[in-house]
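Visitor: For reference, this is final-v3.tsv, and it has TSV, C-alpha atoms.
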```
chain	number	residue	atom	x	y	z
A	1	MET	CA	76.70	147.63	52.04
A	2	LYS	CA	79.89	149.16	53.30
A	3	LYS	CA	78.06	150.89	56.09
A	4	SER	CA	76.34	147.75	57.30
A	5	ARG	CA	79.65	145.87	57.25
A	6	ALA	CA	81.22	148.60	59.35
A	7	VAL	CA	78.36	148.41	61.82
A	8	PHE	CA	78.69	144.63	61.97
A	9	LEU	CA	82.42	144.80	62.56
A	10	SER	CA	82.18	147.41	65.25
A	11	LEU	CA	79.44	145.43	66.96
A	12	THR	CA	81.66	142.34	66.92
A	13	VAL	CA	84.52	144.25	68.48
A	14	VAL	CA	82.29	145.76	71.15
A	15	ALA	CA	80.74	142.38	71.90
A	16	GLY	CA	84.17	140.79	72.24
A	17	ALA	CA	85.22	143.45	74.68
A	18	ILE	CA	82.17	143.50	76.94
A	19	LEU	CA	80.63	140.04	76.84
A	20	PRO	CA	81.46	137.82	79.79
A	21	VAL	CA	83.87	135.24	78.44
A	22	HIS	CA	84.48	131.67	79.45
A	23	ALA	CA	87.66	131.12	81.48
A	24	ASP	CA	89.37	129.28	78.65
A	25	SER	CA	88.29	131.48	75.80
A	26	PHE	CA	90.65	133.24	73.44
A	27	PHE	CA	90.13	136.57	75.15
A	28	THR	CA	91.11	135.44	78.64
A	29	ASP	CA	94.02	133.45	77.22
A	30	ALA	CA	95.38	136.51	75.49
A	31	ARG	CA	94.91	138.83	78.45
A	32	SER	CA	96.10	136.74	81.36
A	33	LEU	CA	98.90	134.30	80.69
A	34	GLU	CA	99.51	134.43	84.42
A	35	ARG	CA	96.49	132.25	85.09
A	36	LYS	CA	97.83	129.36	83.03
A	37	LYS	CA	100.83	128.74	85.24
A	38	GLU	CA	99.54	126.03	87.53
A	39	VAL	CA	96.50	123.77	87.17
A	40	ALA	CA	93.01	124.84	86.19
A	41	PRO	CA	91.01	126.18	89.16
A	42	VAL	CA	87.84	124.16	88.82
A	43	ALA	CA	85.49	122.94	91.51
A	44	SER	CA	82.49	120.68	91.89
A	45	GLU	CA	80.33	120.34	94.98
A	46	THR	CA	79.59	116.70	94.10
A	47	TYR	CA	83.32	115.97	93.83
A	48	ARG	CA	83.96	117.70	97.16
A	49	LYS	CA	81.25	115.77	98.95
A	50	GLY	CA	81.98	112.44	97.29
A	51	CYS	CA	85.76	112.39	97.56
A	52	GLY	CA	86.91	115.28	99.74
A	53	GLU	CA	85.61	113.74	102.95
A	54	CYS	CA	88.56	111.34	102.81
A	55	HIS	CA	91.34	112.98	100.87
A	56	PHE	CA	92.75	116.06	99.21
A	57	LEU	CA	90.71	117.13	96.20
A	58	TYR	CA	93.28	116.35	93.53
A	59	GLN	CA	92.72	118.76	90.65
A	60	PRO	CA	91.28	117.06	87.54
A	61	GLY	CA	94.15	118.58	85.54
A	62	LEU	CA	96.65	116.34	87.35
A	63	LEU	CA	95.71	113.19	85.41
A	64	PRO	CA	94.60	112.33	81.87
A	65	GLU	CA	91.04	111.30	81.06
A	66	GLN	CA	91.83	107.58	80.93
A	67	SER	CA	93.26	107.64	84.44
A	68	TRP	CA	90.07	109.17	85.81
A	69	ARG	CA	87.99	106.63	83.90
A	70	LYS	CA	89.94	103.75	85.50
A	71	LEU	CA	89.77	105.28	88.98
A	72	LEU	CA	86.07	106.10	88.87
A	73	ASP	CA	85.05	102.69	87.56
A	74	ALA	CA	82.33	101.26	89.86
A	75	LYS	CA	84.28	98.07	90.56
A	76	ALA	CA	87.56	99.91	91.03
A	77	LEU	CA	86.04	102.18	93.68
A	78	GLU	CA	85.23	99.16	95.83
A	79	ASP	CA	88.98	98.80	96.31
A	80	HIS	CA	90.30	102.33	96.04
A	81	PHE	CA	93.91	101.99	97.23
A	82	GLY	CA	92.77	99.53	99.87
A	83	GLU	CA	89.63	101.43	100.91
A	84	ASN	CA	86.02	101.01	99.91
A	85	ALA	CA	85.13	104.29	98.21
A	86	GLU	CA	81.85	103.31	96.60
A	87	LEU	CA	79.59	106.10	95.36
A	88	SER	CA	76.01	106.05	94.16
A	89	ASP	CA	75.97	105.69	90.38
A	90	ASN	CA	74.45	109.17	90.05
A	91	ASN	CA	77.26	110.81	91.98
A	92	ARG	CA	79.96	108.61	90.51
A	93	LEU	CA	79.01	109.52	86.94
A	94	ALA	CA	78.60	113.21	87.78
A	95	ILE	CA	82.07	113.26	89.35
A	96	LEU	CA	83.55	111.33	86.43
A	97	ASP	CA	82.04	113.83	83.97
A	98	PHE	CA	83.57	116.69	85.93
A	99	LEU	CA	87.01	115.07	86.10
A	100	VAL	CA	87.01	114.05	82.43
A	101	ALA	CA	85.87	117.47	81.23
A	102	ASN	CA	88.79	119.08	83.07
A	103	SER	CA	91.42	116.35	82.72
A	104	ALA	CA	95.07	117.08	81.94
A	105	ASP	CA	94.80	116.15	78.26
A	106	LYS	CA	92.20	118.88	77.73
A	107	SER	CA	93.90	121.59	79.73
A	108	ASN	CA	96.29	124.27	78.56
A	109	TYR	CA	97.58	125.00	82.04
A	110	LYS	CA	101.32	124.59	82.51
A	111	ARG	CA	101.34	121.68	84.96
A	112	SER	CA	98.77	119.74	82.95
A	113	LYS	CA	100.75	120.23	79.76
A	114	LYS	CA	103.95	119.05	81.44
A	115	ILE	CA	102.12	116.06	82.86
A	116	MET	CA	100.86	115.08	79.40
A	117	ALA	CA	104.25	115.66	77.79
A	118	SER	CA	105.87	113.28	80.27
A	119	LEU	CA	103.42	110.43	79.65
A	120	LYS	CA	103.76	107.94	76.80
A	121	PRO	CA	100.81	107.87	74.40
A	122	GLY	CA	97.97	105.95	76.06
A	123	GLU	CA	99.74	105.82	79.43
A	124	ALA	CA	97.19	106.33	82.20
A	125	PRO	CA	98.66	105.97	85.71
A	126	LEU	CA	96.37	105.45	88.70
A	127	ARG	CA	98.54	107.49	91.02
A	128	ILE	CA	99.45	111.10	90.38
A	129	ILE	CA	102.87	110.42	91.85
A	130	GLU	CA	103.47	107.85	89.07
A	131	VAL	CA	103.25	110.56	86.42
A	132	PRO	CA	106.89	110.89	85.28
A	133	TYR	CA	106.82	114.70	85.52
A	134	ILE	CA	105.47	114.64	89.09
A	135	LYS	CA	107.85	111.84	90.05
A	136	ARG	CA	110.84	113.74	88.70
A	137	LYS	CA	109.80	116.86	90.59
A	138	HIS	CA	109.90	114.95	93.89
A	139	ASN	CA	112.79	112.53	93.46
A	140	GLU	CA	115.40	114.72	95.15
A	141	ILE	CA	113.53	114.86	98.43
A	142	PRO	CA	115.08	112.42	100.93
A	143	GLU	CA	112.81	109.63	102.22
A	144	ASP	CA	113.37	110.83	105.77
A	145	LEU	CA	111.30	113.90	105.03
A	146	ILE	CA	108.40	112.00	103.50
A	147	LYS	CA	107.91	108.33	104.36
A	148	LYS	CA	109.79	108.47	107.66
A	149	ASN	CA	108.21	111.79	108.54
A	150	ASP	CA	105.14	111.10	110.68
A	151	LYS	CA	103.69	114.45	109.71
A	152	VAL	CA	103.79	113.61	106.00
A	153	LYS	CA	103.98	109.80	105.50
A	154	SER	CA	103.38	109.78	101.76
A	155	LEU	CA	103.71	111.95	98.69
A	156	SER	CA	100.03	111.27	98.11
A	157	TYR	CA	99.11	113.89	100.69
A	158	CYS	CA	99.88	116.89	98.44
A	159	ASP	CA	98.60	119.49	100.86
A	160	LYS	CA	100.78	118.40	103.80
A	161	CYS	CA	103.71	120.21	102.15
A	162	HIS	CA	102.15	122.26	99.34
A	163	GLN	CA	100.57	124.89	101.55
A	164	GLN	CA	98.52	126.35	98.70
A	165	ALA	CA	97.56	123.10	96.99
A	166	ASP	CA	93.90	123.77	97.69
A	167	LYS	CA	94.32	127.06	95.82
A	168	ASN	CA	95.72	125.17	92.82
A	169	ASN	CA	99.23	126.43	93.46
A	170	PHE	CA	102.08	123.90	93.55
A	171	ASP	CA	104.91	126.39	93.16
A	172	ASP	CA	108.01	125.36	95.16
A	173	ASP	CA	107.96	128.73	96.94
A	174	THR	CA	104.80	127.58	98.69
A	175	VAL	CA	106.29	124.29	99.94
A	176	ASN	CA	106.75	123.81	103.66
A	177	ILE	CA	107.63	120.28	104.77
A	178	PRO	CA	106.21	119.74	108.28
A	179	GLY	CA	108.99	119.37	110.81
A	180	HIS	CA	111.55	120.50	108.26
A	181	GLY	CA	110.57	123.82	106.77
A	182	ASN	CA	110.80	125.40	103.38
A	183	TRP	CA	112.12	123.34	100.53
A	184	THR	CA	114.11	125.06	97.84
A	185	TRP	CA	116.17	123.80	95.01
B	186	MET	CA	49.70	134.68	105.53
B	187	ARG	CA	52.60	137.02	106.13
B	188	ARG	CA	53.33	135.17	109.38
B	189	TYR	CA	53.72	131.91	107.46
B	190	LEU	CA	55.99	133.53	104.90
B	191	TRP	CA	58.39	134.50	107.65
B	192	LEU	CA	58.27	130.99	109.00
B	193	VAL	CA	59.05	129.50	105.60
B	194	ALA	CA	61.84	132.02	105.04
B	195	SER	CA	63.47	131.31	108.40
B	196	MET	CA	63.31	127.55	107.77
B	197	ALA	CA	64.95	128.02	104.41
B	198	VAL	CA	67.79	129.94	106.04
B	199	ALA	CA	68.23	127.53	108.92
B	200	GLN	CA	68.36	124.28	106.96
B	201	PRO	CA	69.98	123.33	103.68
B	202	ALA	CA	67.62	121.71	101.18
B	203	TRP	CA	68.94	118.19	101.80
B	204	SER	CA	68.64	118.32	105.57
B	205	VAL	CA	66.65	115.54	107.21
B	206	THR	CA	65.86	114.58	110.79
B	207	VAL	CA	66.95	111.20	112.18
B	208	ASP	CA	63.33	110.03	112.11
B	209	GLU	CA	63.11	110.92	108.42
B	210	ALA	CA	66.32	109.02	107.78
B	211	ILE	CA	64.95	106.00	109.64
B	212	ALA	CA	61.70	106.26	107.67
B	213	HIS	CA	63.74	106.17	104.46
B	214	TYR	CA	64.91	102.65	105.35
B	215	ASN	CA	61.55	101.71	106.80
B	216	PRO	CA	59.05	103.28	104.36
B	217	HIS	CA	56.09	101.06	105.32
B	218	GLY	CA	56.85	101.04	109.03
B	219	THR	CA	57.14	97.24	109.01
B	220	LEU	CA	60.45	97.12	110.89
B	221	ALA	CA	60.51	97.33	114.68
B	222	LEU	CA	63.25	99.66	115.88
B	223	ASN	CA	65.71	97.96	118.21
B	224	PRO	CA	68.47	100.27	119.48
B	225	LYS	CA	69.95	97.45	121.58
B	226	HIS	CA	70.58	95.50	118.39
B	227	GLY	CA	72.24	98.63	117.01
B	228	ASP	CA	74.45	98.74	120.10
B	229	GLU	CA	75.46	95.10	119.54
B	230	LEU	CA	76.21	95.71	115.88
B	231	TRP	CA	78.30	98.71	116.80
B	232	HIS	CA	80.47	96.60	119.10
B	233	GLN	CA	80.50	93.42	116.99
B	234	LYS	CA	84.03	92.29	116.24
B	235	ASN	CA	84.96	90.86	112.85
B	236	THR	CA	88.12	89.64	111.22
B	237	GLY	CA	89.13	91.94	108.38
B	238	GLU	CA	90.88	91.15	105.11
B	239	ASP	CA	94.14	91.96	106.86
B	240	GLY	CA	93.50	89.18	109.40
B	241	LYS	CA	93.14	91.68	112.21
B	242	GLU	CA	90.08	92.14	114.38
B	243	ARG	CA	88.03	95.22	113.55
B	244	ASP	CA	84.82	96.91	114.62
B	245	CYS	CA	83.19	100.31	114.18
B	246	MET	CA	85.36	101.79	116.92
B	247	THR	CA	88.55	100.92	115.05
B	248	CYS	CA	88.09	104.23	113.23
B	249	HIS	CA	85.33	106.06	115.13
B	250	GLY	CA	87.00	105.61	118.53
B	251	GLN	CA	85.57	104.56	121.89
B	252	ASP	CA	83.96	107.91	122.77
B	253	LEU	CA	81.65	109.03	119.99
B	254	THR	CA	81.41	112.55	121.37
B	255	LYS	CA	85.08	112.92	120.46
B	256	PRO	CA	86.71	112.80	117.01
B	257	GLY	CA	87.85	109.44	115.68
B	258	LYS	CA	90.87	108.63	113.55
B	259	HIS	CA	90.92	106.51	110.41
B	260	VAL	CA	92.99	103.45	111.24
B	261	LYS	CA	94.87	103.52	107.95
B	262	THR	CA	94.99	107.07	106.65
B	263	GLY	CA	94.97	108.84	110.03
B	264	LYS	CA	92.28	111.18	108.76
B	265	VAL	CA	90.35	112.78	111.62
B	266	ILE	CA	86.71	111.70	111.68
B	267	ASP	CA	84.27	114.19	113.20
B	268	PRO	CA	82.35	112.96	116.27
B	269	LEU	CA	79.49	110.63	115.37
B	270	ALA	CA	77.28	111.50	118.34
B	271	PRO	CA	74.71	114.18	117.41
B	272	SER	CA	75.11	115.62	120.93
B	273	ALA	CA	78.63	116.62	119.91
B	274	ASN	CA	78.09	117.14	116.19
B	275	LYS	CA	74.68	118.42	115.15
B	276	GLU	CA	75.34	117.74	111.47
B	277	ARG	CA	75.29	113.98	112.04
B	278	PHE	CA	72.44	112.02	110.45
B	279	THR	CA	71.04	115.07	108.64
B	280	ASP	CA	72.23	114.19	105.11
B	281	LEU	CA	70.57	111.12	103.66
B	282	GLU	CA	73.04	110.78	100.83
B	283	LYS	CA	75.94	110.88	103.27
B	284	ILE	CA	74.27	108.35	105.57
B	285	GLU	CA	73.77	105.90	102.73
B	286	LYS	CA	77.25	106.45	101.32
B	287	TRP	CA	78.90	105.58	104.61
B	288	PHE	CA	76.58	102.68	105.42
B	289	THR	CA	77.59	101.14	102.10
B	290	ARG	CA	81.31	101.72	102.52
B	291	ASN	CA	81.60	100.96	106.21
B	292	CYS	CA	79.31	97.94	106.47
B	293	LYS	CA	81.41	96.29	103.77
B	294	TRP	CA	84.65	97.26	105.50
B	295	THR	CA	83.53	96.23	108.97
B	296	TYR	CA	81.26	93.22	108.35
B	297	GLY	CA	82.41	92.24	104.86
B	298	ARG	CA	78.88	92.72	103.50
B	299	GLU	CA	76.18	95.34	103.08
B	300	CYS	CA	73.89	96.06	106.02
B	301	THR	CA	70.19	95.22	105.85
B	302	ASP	CA	67.54	97.91	106.31
B	303	GLN	CA	66.82	96.44	109.77
B	304	GLU	CA	70.48	96.84	110.74
B	305	LYS	CA	70.56	100.37	109.38
B	306	VAL	CA	67.50	101.55	111.32
B	307	ASP	CA	68.77	99.89	114.51
B	308	LEU	CA	72.18	101.53	114.15
B	309	LEU	CA	70.56	104.90	113.46
B	310	LYS	CA	68.29	104.54	116.48
B	311	TYR	CA	71.22	103.60	118.72
B	312	LEU	CA	73.69	106.20	117.46
B	313	SER	CA	71.28	109.12	117.22
B	314	ALA	CA	70.59	108.93	120.97
B	315	LEU	CA	74.27	109.35	121.88
```
Would you write out, as structure tokens, the structure that this file holds?

Guide:
Amino acid sequence: MKKSRAVFLSLTVVAGAILPVHADSFFTDARSLERKKEVAPVASETYRKGCGECHFLYQPGLLPEQSWRKLLDAKALEDHFGENAELSDNNRLAILDFLVANSADKSNYKRSKKIMASLKPGEAPLRIIEVPYIKRKHNEIPEDLIKKNDKVKSLSYCDKCHQQADKNNFDDDTVNIPGHGNWTW
Amino acid sequence: MRRYLWLVASMAVAQPAWSVTVDEAIAHYNPHGTLALNPKHGDELWHQKNTGEDGKERDCMTCHGQDLTKPGKHVKTGKVIDPLAPSANKERFTDLEKIEKWFTRNCKWTYGRECTDQEKVDLLKYLSAL
């Protein structure tokens, strides 16, 4: 009895150490806190093809589930911030599944957690820039550098200034405002 | 047999699984061959002016530009649109899903309604020769 228990325990330990683990499992969490600093690095080819032809591929961890559900509604996509962004139902639902599965409310990455903490219960903004945390992070930047800057135009274009936005890094050290330069606080 | 295997292998490398030819794309909208292809009608549709929701006149060239061998620019977002002419951009009209996605979006934007299969095949016939 004792021997078999010892074998079982040692097998469990060995399995825990060598089995490939899911990115969000306990083992990766414990080993690499570093990875939880920004937003979850997730990707979907359907999302890239369906949405990335027109705009930056906003990480799913930048909005809560209910925001994605409102945005990816079939009717809503017909008027997507003034543009027709209709998708086939197949692609629309596949993209919605991907966004919902990785939305801010399910993520334990730092930015996602701060985003959720800044929202009131049930609050589901349609624009990432309306998330109080994101808004607060940008409210010191003069308008001249954004709206009146032809090379930027709007805070919606994350990657114009966040040079590593496509690598899921929004750290202020990586910010370079076109025509202005680095931005530090 | 071995000769064919090489052929199949080289085709697999050269073309992604979704890749279609323009004729295959046209056949998708004309499965029974009942529509007569009329590139001149496609030309007219391409240049047809309409009044948009903003009250301004718009046509296909509003975003795609006058010269389809050169990149266009989205009138609102400024996003660069790759050349539409296959002579300048060989990826054009090779992805059926992409073709249908943009027909849906852009016919509604430009004409305020969806395009018919006849209009789609005529536009494809006209544009694919550029």

Visitor: What does the structure give for the distance between CA of Asn176 (chain A) and CA of Asp105 (chain A), in Å to one decimal?

Guide: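 A separation of 29.1 Å between them.
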
Visitor: Would you work out the distance separating CA of Leu315 (chain B) from CA of Ala270 (chain B), expressed in Å to one decimal?

Guide: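 The value is 5.1 Å.
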
Visitor: Based on all atoms listed in the file, which of the residues in chain B come within 10 Å of chain A? I want them as a ChimeraX atom specification.

Guide: /B:259,261-266,282-283,285-287,289-294

Visitor: What does the structure give for the distance between CA of Ser313 (chain B) and CA of Pro271 (chain B), in Å to one decimal?

Guide: 6.1 Å

Visitor: List the neighbours of Gly61 (chain A) out to 8 Å using only C-alpha atoms; skip same-chain residues closer than 2 positions along the sequence, and give me the result as a ChimeraX atom specification.

Guide: /A:39-40,59,63-64,99,102-105,107,111-112

Visitor: Please determine an axis-aligned box that encloses all atoms of region 66-78 of chain A listed in the file, with 4 Å added on each side, and express its centre and edge lengths in Å to one decimal as AutoDock Vina command-line options.

Guide:
```
--center_x 87.8 --center_y 103.6 --center_z 88.4 --size_x 18.9 --size_y 19.1 --size_z 22.9
```

Visitor: Need to verify the contact set: Ala314 (chain B), 12 Å, all atoms listed in the file, exclusion of same-chain residues closer than 6 positions in sequence. Can you return it as a VMD selection string?

Guide: chain B and resid 207 to 208 224 to 225 227 to 228 253 to 254 269 to 273 275 277 to 278 307 to 308

Visitor: Could you name the residues that touch Gln251 (chain B) at 12 Å or less, counting only C-alpha atoms, but leaving out those on the same chain fewer than 3 positions away, as a compact mmCIF listing (two decimals) with C-alpha atoms, in the frame of the given file?

Guide:
```txt
# COMPACT_ATOMS: atom_id res chain seq x y z
CA TRP B 231 78.30 98.71 116.80
CA HIS B 232 80.47 96.60 119.10
CA ASP B 244 84.82 96.91 114.62
CA CYS B 245 83.19 100.31 114.18
CA MET B 246 85.36 101.79 116.92
CA THR B 247 88.55 100.92 115.05
CA CYS B 248 88.09 104.23 113.23
CA THR B 254 81.41 112.55 121.37
CA LYS B 255 85.08 112.92 120.46
CA PRO B 256 86.71 112.80 117.01
CA GLY B 257 87.85 109.44 115.68
CA LYS B 258 90.87 108.63 113.55
CA PRO B 268 82.35 112.96 116.27
CA LEU B 269 79.49 110.63 115.37
CA ALA B 270 77.28 111.50 118.34
```

Visitor: Counting all atoms listed in the file, find residues at most 12 Å from (63.1, 101.0, 106.8) (file frame) and give them as a PyMOL selection string.

Guide: chain B and resi 208-222+300-310

Visitor: Out of A:Asn139, A:Asn90, A:Asn168, A:Thr46, which residue has the shortest atom-to-atom distance to Leu62 (chain A) when counting all atoms listed in the file?

Guide: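 Ranked by minimum distance to Leu62 (chain A), first place goes to A:Asn168.
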
Visitor: Ranking B:Tyr311, B:Thr295, B:Asn223, B:Leu281 by minimum distance to Lys241 (chain B) and counting only C-alpha atoms, which one comes first?

Guide: B:Thr295

Visitor: Skipping near chain neighbours, those fewer than 3 positions away, what residues fall within 12 Å of Lys137 (chain A) using only C-alpha atoms, listed as number ranges by chain?

Guide: A: 111, 114-115, 118, 128-134, 140-141, 155, 170-172, 184-185

Visitor: Looking at A:Ala76, A:Lys110, A:Pro121, A:Val175, which one is nearest to Cys158 (chain A), with distances taken over only C-alpha atoms?

Guide: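 The closest residue to Cys158 (chain A) is A:Val175.
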
Visitor: Only all heavy atoms, please: region 216-226 of chain B from the block, as an mmCIF file, in the first residue's frame.

Guide:
```cif
data_model
loop_
_atom_site.group_PDB
_atom_site.id
_atom_site.type_symbol
_atom_site.label_atom_id
_atom_site.label_comp_id
_atom_site.auth_asym_id
_atom_site.auth_seq_id
_atom_site.Cartn_x
_atom_site.Cartn_y
_atom_site.Cartn_z
ATOM 1 N N PRO B 216 -23.205 29.160 -61.053
ATOM 2 C CA PRO B 216 -22.968 27.707 -60.998
ATOM 3 C C PRO B 216 -23.569 26.948 -62.187
ATOM 4 O O PRO B 216 -23.036 25.909 -62.575
ATOM 5 C CB PRO B 216 -23.624 27.287 -59.679
ATOM 6 C CG PRO B 216 -24.579 28.379 -59.333
ATOM 7 C CD PRO B 216 -24.017 29.634 -59.922
ATOM 8 N N HIS B 217 -24.669 27.452 -62.757
ATOM 9 C CA HIS B 217 -25.296 26.715 -63.861
ATOM 10 C C HIS B 217 -24.949 27.325 -65.215
ATOM 11 O O HIS B 217 -25.500 26.918 -66.242
ATOM 12 C CB HIS B 217 -26.812 26.674 -63.661
ATOM 13 C CG HIS B 217 -27.202 26.153 -62.306
ATOM 14 N ND1 HIS B 217 -26.904 24.863 -61.918
ATOM 15 C CD2 HIS B 217 -27.799 26.750 -61.253
ATOM 16 C CE1 HIS B 217 -27.330 24.697 -60.664
ATOM 17 N NE2 HIS B 217 -27.862 25.818 -60.240
ATOM 18 N N GLY B 218 -24.081 28.335 -65.186
ATOM 19 C CA GLY B 218 -23.659 28.956 -66.446
ATOM 20 C C GLY B 218 -24.769 29.713 -67.151
ATOM 21 O O GLY B 218 -24.726 29.922 -68.361
ATOM 22 N N THR B 219 -25.794 30.122 -66.407
ATOM 23 C CA THR B 219 -26.951 30.785 -67.029
ATOM 24 C C THR B 219 -26.720 32.278 -67.267
ATOM 25 O O THR B 219 -27.439 32.903 -68.033
ATOM 26 C CB THR B 219 -28.208 30.622 -66.148
ATOM 27 O OG1 THR B 219 -27.836 30.934 -64.801
ATOM 28 C CG2 THR B 219 -28.745 29.204 -66.204
ATOM 29 N N LEU B 220 -25.708 32.852 -66.580
ATOM 30 C CA LEU B 220 -25.472 34.285 -66.737
ATOM 31 C C LEU B 220 -24.452 34.527 -67.847
ATOM 32 O O LEU B 220 -23.431 33.857 -67.913
ATOM 33 C CB LEU B 220 -24.942 34.882 -65.426
ATOM 34 C CG LEU B 220 -25.785 34.670 -64.165
ATOM 35 C CD1 LEU B 220 -25.030 35.164 -62.936
ATOM 36 C CD2 LEU B 220 -27.118 35.398 -64.280
ATOM 37 N N ALA B 221 -24.750 35.501 -68.705
ATOM 38 C CA ALA B 221 -23.775 35.904 -69.728
ATOM 39 C C ALA B 221 -22.823 36.911 -69.097
ATOM 40 O O ALA B 221 -23.262 37.821 -68.390
ATOM 41 C CB ALA B 221 -24.513 36.521 -70.908
ATOM 42 N N LEU B 222 -21.528 36.722 -69.323
ATOM 43 C CA LEU B 222 -20.550 37.618 -68.703
ATOM 44 C C LEU B 222 -20.410 38.895 -69.533
ATOM 45 O O LEU B 222 -20.198 38.843 -70.737
ATOM 46 C CB LEU B 222 -19.193 36.929 -68.591
ATOM 47 C CG LEU B 222 -19.198 35.576 -67.878
ATOM 48 C CD1 LEU B 222 -17.784 35.019 -67.784
ATOM 49 C CD2 LEU B 222 -19.811 35.707 -66.492
ATOM 50 N N ASN B 223 -20.522 40.028 -68.868
ATOM 51 C CA ASN B 223 -20.510 41.303 -69.568
ATOM 52 C C ASN B 223 -19.556 42.279 -68.873
ATOM 53 O O ASN B 223 -19.962 43.056 -68.005
ATOM 54 C CB ASN B 223 -21.948 41.850 -69.590
ATOM 55 C CG ASN B 223 -22.050 43.149 -70.355
ATOM 56 O OD1 ASN B 223 -21.037 43.716 -70.792
ATOM 57 N ND2 ASN B 223 -23.270 43.636 -70.515
ATOM 58 N N PRO B 224 -18.258 42.216 -69.267
ATOM 59 C CA PRO B 224 -17.275 43.073 -68.596
ATOM 60 C C PRO B 224 -17.575 44.571 -68.747
ATOM 61 O O PRO B 224 -17.212 45.363 -67.879
ATOM 62 C CB PRO B 224 -15.949 42.703 -69.266
ATOM 63 C CG PRO B 224 -16.297 41.935 -70.482
ATOM 64 C CD PRO B 224 -17.639 41.331 -70.262
ATOM 65 N N LYS B 225 -18.234 44.949 -69.844
ATOM 66 C CA LYS B 225 -18.560 46.360 -70.048
ATOM 67 C C LYS B 225 -19.530 46.846 -68.949
ATOM 68 O O LYS B 225 -19.422 47.962 -68.455
ATOM 69 C CB LYS B 225 -19.191 46.556 -71.435
ATOM 70 C CG LYS B 225 -19.210 48.001 -71.869
ATOM 71 C CD LYS B 225 -19.542 48.154 -73.343
ATOM 72 C CE LYS B 225 -19.723 49.625 -73.697
ATOM 73 N NZ LYS B 225 -20.919 50.213 -73.052
ATOM 74 N N HIS B 226 -20.461 45.981 -68.604
ATOM 75 C CA HIS B 226 -21.381 46.292 -67.510
ATOM 76 C C HIS B 226 -20.610 46.432 -66.194
ATOM 77 O O HIS B 226 -20.903 47.297 -65.371
ATOM 78 C CB HIS B 226 -22.441 45.184 -67.408
ATOM 79 C CG HIS B 226 -23.441 45.406 -66.321
ATOM 80 N ND1 HIS B 226 -23.837 44.399 -65.466
ATOM 81 C CD2 HIS B 226 -24.117 46.516 -65.927
ATOM 82 C CE1 HIS B 226 -24.712 44.890 -64.592
ATOM 83 N NE2 HIS B 226 -24.906 46.173 -64.857
#
```
